[in-house]
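Visitor: After the C-alpha cells below, expect a handful of questions from me.
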Amino acid sequence: MTEARPGTDRHPVGATPGLPPRPVNVRGHAGTDLRRIGIDPDFWYPVAVARKVARGRTFAAVFAGERIALYRGRSGRVYALEDRCAHRQVPLSMGVVEGDVLRCCYHAWAYRGNGHISQIPYLPKGCERPPRGVRSYPVREAYGLVFVFPGDPAKAEAAPFPVLPQYDAASHRTMTFSRTVRCHYSFMHENLLDMNHQFLHRGVLGRIQPELLGYESGPRSVEARYLFVPAGGRKDRGAGLLSAEGIGGREKPDVVTIRTEYPYQTLQDVPEGADLPAFSLWAAYVPEDAEQRTCHAYGLLMIAKPPVPGVIHLAWPLIRRFTERVFAQDRTAVEAEQRAWDEQGEDRNHEVFPLILDVRDVLRSNGVPLGPEAVRAEA
C-alpha cells in the first residue's frame with residue numbers, strides 16, 4: 001500500500017515525487033481530454049431496474065445514445081433489441097408483447113428475442129422477406145437490475161460480471177438507487193474516490209476529517225483507504241443508523257475503502273474495532289447520450305442488519321433520507337463541474353491530488369475516444 005503524501009502540483013505521468021509511476025495509457029489516449037473519452041462498451045452495464053420491466057410490457061432503455069427496447073416475455077425472460085423497427089424505424093419500445101415476441105405498433109411486424117423478423121402479417125405469398133431484422137443485445141438479470149452487453153456480443157460470455165454475495169445474504173438488506181445525473185461518468189468516479197470533499201456534506205455528516213491512509217493503482221484500477229475521523233457538528237440521524245460507529249453516534253473513526261475497478265466502483269465502510277463492513281456500495285455510471293455528458297447512476301447499497309430483529313426495517317426510511325441528501329449534494333457539485341466544462345469547451349481543472357490523477361489515467365486508458373457523431377454534436 002502506497003503511503004499518501006501531499007501533492008502541490010501536477011507532474012508528468014510517472015514522475016510524481018514519492019509516489020509510484022501512474023499507469024501507462026496503453027491505448028494511446030495520453031493527453032486526450034478525459035471528458036472526450038467514452039466508456040468501453042465491452043462490459044456488462046445495467047440499463048433498467050428489473051421491476052420496471054414488467055411481464056408482457058416494454059421498457060425504453062439507452063446506452064450512450066443507442067436506444068434499446070427491453071421487453072419481458074410470457075416466459076419471464078427479458079430481451080433487448082435495437083429500439084427501431086426495420087420497416088419504418090418506429091421505436092419497438094412502443095410495441096406490443098405477444099408471448100415472447102415483440103410486435104411493432106405501426107405495421108405489426110413481429111420480432112423474436114434474437115432480433116429476427118418472425119412475421120410480416122400482410123406480406124403476400126411468394127414475396128421475399130427482408131434478410132435482416134434488428135440488433136439484439138446479450139442480457140443478464142441480476143441484483144434487481146437488467147444488464148446488457150452493448151459491445152461485441154462475442155466478448156459477452158468472457159466479460160467480467162459483478163459478484164455481490166452480500167446482495168442475497170440473509171445478514172444484509174439492499175437499497176437500490178437509480179438516478180440520472182447530467183455529467184460525464186468520469187466526474188462520478190472522481191467524486192466518490194476523492195473523499196476530501198466532505199466539507200460539501202457538513203450539514204449532513206457534521207465535520208469530518210478524512211485522512212488518506214494509502215492507495216494502490218494499476219492499469220485497470222485504483223483503490224484508496226481513508227480514515228474518517230469525526231470532528232463535531234450535527235449529523236443526520238440516518239448516518240448513525242447506517243454505520244453504528246464513527247460516522248454514527250459513538251464518535252469513533254471508520255475506515256472507508258473505495259475502489260474504481262473499470263468500469264465499476266465500490267465502497268466499504270468498516271467501523272473501528274469491527275471485522276466486517278457496516279455497509280458496502282456497488283455503483284455503475286452508464287452514459288445515456290452519444291456525447292456522454294449525461295449518465296445514469298445505478299447503486300446497490302448493501303447494509304448489514306443489526307443484531308436486534310426488525311431494527312433495520314424501522315431505520316430504513318431514515319437511512320434512505322440520509323443517502324438521498326448526500327447524493328443530492330454530490331449531484332449538484334458534479335453537474336456544476338459539467339456545466340463549467342460545457343462553457344469552457346475543455347477541462348481547465350487544476351487537480352493536485354495524485355490519487356485523482358491516477359484514476360483519470362485509468363478511465364482514459366481503458367475508455368474509447370468519442371466517435372465523429374459525438375464530436376459533431378459538441379460543435
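Identifiers in this document derive from the order of the C-alpha cells: chains are assigned A, B, ..., residues are numbered from 1 separately in each chain, and ligands are numbered from 1 in order of occurrence.
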Would you pick out the contacts of Met175 in chain A at 7 Å or less, using only C-alpha atoms, so that residues sharing its chain but fewer than 4 positions from it are not included, and give the list as a PDB file with all heavy atoms, in the first residue's frame?

Guide:
```
ATOM      1  N   LEU A 300     -26.150  -0.074  -5.597  1.00  0.00           N
ATOM      2  CA  LEU A 300     -26.670  -1.089  -4.695  1.00  0.00           C
ATOM      3  C   LEU A 300     -25.972  -0.920  -3.360  1.00  0.00           C
ATOM      4  O   LEU A 300     -24.758  -1.164  -3.251  1.00  0.00           O
ATOM      5  CB  LEU A 300     -26.417  -2.489  -5.257  1.00  0.00           C
ATOM      6  CG  LEU A 300     -27.062  -2.789  -6.620  1.00  0.00           C
ATOM      7  CD1 LEU A 300     -26.586  -4.130  -7.148  1.00  0.00           C
ATOM      8  CD2 LEU A 300     -28.590  -2.758  -6.523  1.00  0.00           C
ATOM      9  N   LEU A 301     -26.702  -0.443  -2.362  1.00  0.00           N
ATOM     10  CA  LEU A 301     -26.158  -0.212  -1.031  1.00  0.00           C
ATOM     11  C   LEU A 301     -26.552  -1.389  -0.147  1.00  0.00           C
ATOM     12  O   LEU A 301     -27.732  -1.540   0.218  1.00  0.00           O
ATOM     13  CB  LEU A 301     -26.689   1.097  -0.451  1.00  0.00           C
ATOM     14  CG  LEU A 301     -26.138   1.515   0.920  1.00  0.00           C
ATOM     15  CD1 LEU A 301     -24.635   1.749   0.848  1.00  0.00           C
ATOM     16  CD2 LEU A 301     -26.855   2.757   1.426  1.00  0.00           C
ATOM     17  N   MET A 302     -25.594  -2.239   0.195  1.00  0.00           N
ATOM     18  CA  MET A 302     -25.846  -3.465   0.959  1.00  0.00           C
ATOM     19  C   MET A 302     -25.485  -3.221   2.418  1.00  0.00           C
ATOM     20  O   MET A 302     -24.314  -3.022   2.757  1.00  0.00           O
ATOM     21  CB  MET A 302     -25.037  -4.606   0.350  1.00  0.00           C
ATOM     22  CG  MET A 302     -25.525  -4.984  -1.050  1.00  0.00           C
ATOM     23  SD  MET A 302     -24.285  -5.813  -2.081  1.00  0.00           S
ATOM     24  CE  MET A 302     -23.265  -4.413  -2.610  1.00  0.00           C
TER      25      MET A 302
END
```

Visitor: Could you name the residues that touch Val134 in chain A at 9 Å or less, counting only C-alpha atoms, but leaving out those on the same chain fewer than 4 positions away, as a PyMOL selection string?

Guide: chain A and resi 81-86+111+114-117

Visitor: Can you spit out the residues from that selection as a PDB file, in the first residue's frame, using N, CA, C and O atoms?

Guide:
```
ATOM      1  N   LEU A  81     -33.581  -5.456 -27.661  1.00  0.00           N
ATOM      2  CA  LEU A  81     -33.450  -5.257 -29.095  1.00  0.00           C
ATOM      3  C   LEU A  81     -33.145  -3.798 -29.393  1.00  0.00           C
ATOM      4  O   LEU A  81     -33.489  -2.895 -28.625  1.00  0.00           O
ATOM      5  N   GLU A  82     -32.509  -3.583 -30.519  1.00  0.00           N
ATOM      6  CA  GLU A  82     -32.340  -2.221 -31.032  1.00  0.00           C
ATOM      7  C   GLU A  82     -33.724  -1.589 -31.122  1.00  0.00           C
ATOM      8  O   GLU A  82     -34.672  -2.203 -31.630  1.00  0.00           O
ATOM      9  N   ASP A  83     -33.848  -0.373 -30.614  1.00  0.00           N
ATOM     10  CA  ASP A  83     -35.175   0.233 -30.474  1.00  0.00           C
ATOM     11  C   ASP A  83     -35.613   0.937 -31.756  1.00  0.00           C
ATOM     12  O   ASP A  83     -35.818   2.154 -31.795  1.00  0.00           O
ATOM     13  N   ARG A  84     -35.767   0.137 -32.798  1.00  0.00           N
ATOM     14  CA  ARG A  84     -36.299   0.662 -34.055  1.00  0.00           C
ATOM     15  C   ARG A  84     -36.820  -0.520 -34.855  1.00  0.00           C
ATOM     16  O   ARG A  84     -36.219  -1.590 -34.873  1.00  0.00           O
ATOM     17  N   CYS A  85     -37.917  -0.329 -35.508  1.00  0.00           N
ATOM     18  CA  CYS A  85     -38.420  -1.353 -36.417  1.00  0.00           C
ATOM     19  C   CYS A  85     -37.646  -1.257 -37.726  1.00  0.00           C
ATOM     20  O   CYS A  85     -37.384  -0.149 -38.228  1.00  0.00           O
ATOM     21  N   ALA A  86     -37.271  -2.379 -38.289  1.00  0.00           N
ATOM     22  CA  ALA A  86     -36.513  -2.383 -39.546  1.00  0.00           C
ATOM     23  C   ALA A  86     -37.328  -1.827 -40.709  1.00  0.00           C
ATOM     24  O   ALA A  86     -36.780  -1.479 -41.757  1.00  0.00           O
ATOM     25  N   TYR A 111     -41.017  -9.524 -34.005  1.00  0.00           N
ATOM     26  CA  TYR A 111     -39.601  -9.837 -33.815  1.00  0.00           C
ATOM     27  C   TYR A 111     -39.432 -10.844 -32.684  1.00  0.00           C
ATOM     28  O   TYR A 111     -40.064 -10.731 -31.634  1.00  0.00           O
ATOM     29  N   ASN A 114     -34.148 -12.692 -30.569  1.00  0.00           N
ATOM     30  CA  ASN A 114     -32.835 -12.565 -31.209  1.00  0.00           C
ATOM     31  C   ASN A 114     -32.792 -11.484 -32.276  1.00  0.00           C
ATOM     32  O   ASN A 114     -31.790 -11.326 -32.970  1.00  0.00           O
ATOM     33  N   GLY A 115     -33.899 -10.742 -32.428  1.00  0.00           N
ATOM     34  CA  GLY A 115     -33.951  -9.649 -33.392  1.00  0.00           C
ATOM     35  C   GLY A 115     -34.426 -10.040 -34.775  1.00  0.00           C
ATOM     36  O   GLY A 115     -34.628  -9.170 -35.627  1.00  0.00           O
ATOM     37  N   HIS A 116     -34.611 -11.332 -35.015  1.00  0.00           N
ATOM     38  CA  HIS A 116     -35.064 -11.777 -36.331  1.00  0.00           C
ATOM     39  C   HIS A 116     -36.558 -11.510 -36.505  1.00  0.00           C
ATOM     40  O   HIS A 116     -37.342 -11.619 -35.550  1.00  0.00           O
ATOM     41  N   ILE A 117     -36.939 -11.195 -37.725  1.00  0.00           N
ATOM     42  CA  ILE A 117     -38.351 -10.967 -38.032  1.00  0.00           C
ATOM     43  C   ILE A 117     -39.060 -12.313 -38.090  1.00  0.00           C
ATOM     44  O   ILE A 117     -38.651 -13.218 -38.827  1.00  0.00           O
TER      45      ILE A 117
END
```

Visitor: Given only C-alpha atoms as the basis, pick out the residue of A:Ala154, A:Leu242, A:Val62, A:Cys295 nearest to Ile39 in chain A.

Guide: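 For Ile39 in chain A, the nearest of the given residues is A:Cys295.
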
Visitor: Show which residues sit within 10 Å of Phe59 in chain A, as a list of chain:residue names. Count only C-alpha atoms, and ignore same-chain residues fewer than 5 positions away.

Guide: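 Residues near the query, excluding close chain neighbours: A:Val47, A:Ala48, A:Lys52, A:Val53, A:Ala54, A:Ile68, A:Ala69, A:Leu70, A:Tyr71, A:Arg72, A:Ala80, A:Asp83, A:Leu92, A:Ser93, A:Met94, A:Gly95.
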
Visitor: Give the answer as one residue: which of A:Val368, A:Leu193, A:Val359, A:Val256 has the shortest atom-to-atom distance to Ser280 in chain A, using only C-alpha atoms?

Guide: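 Residue with the minimum atom-to-atom distance to Ser280 in chain A: A:Val256.
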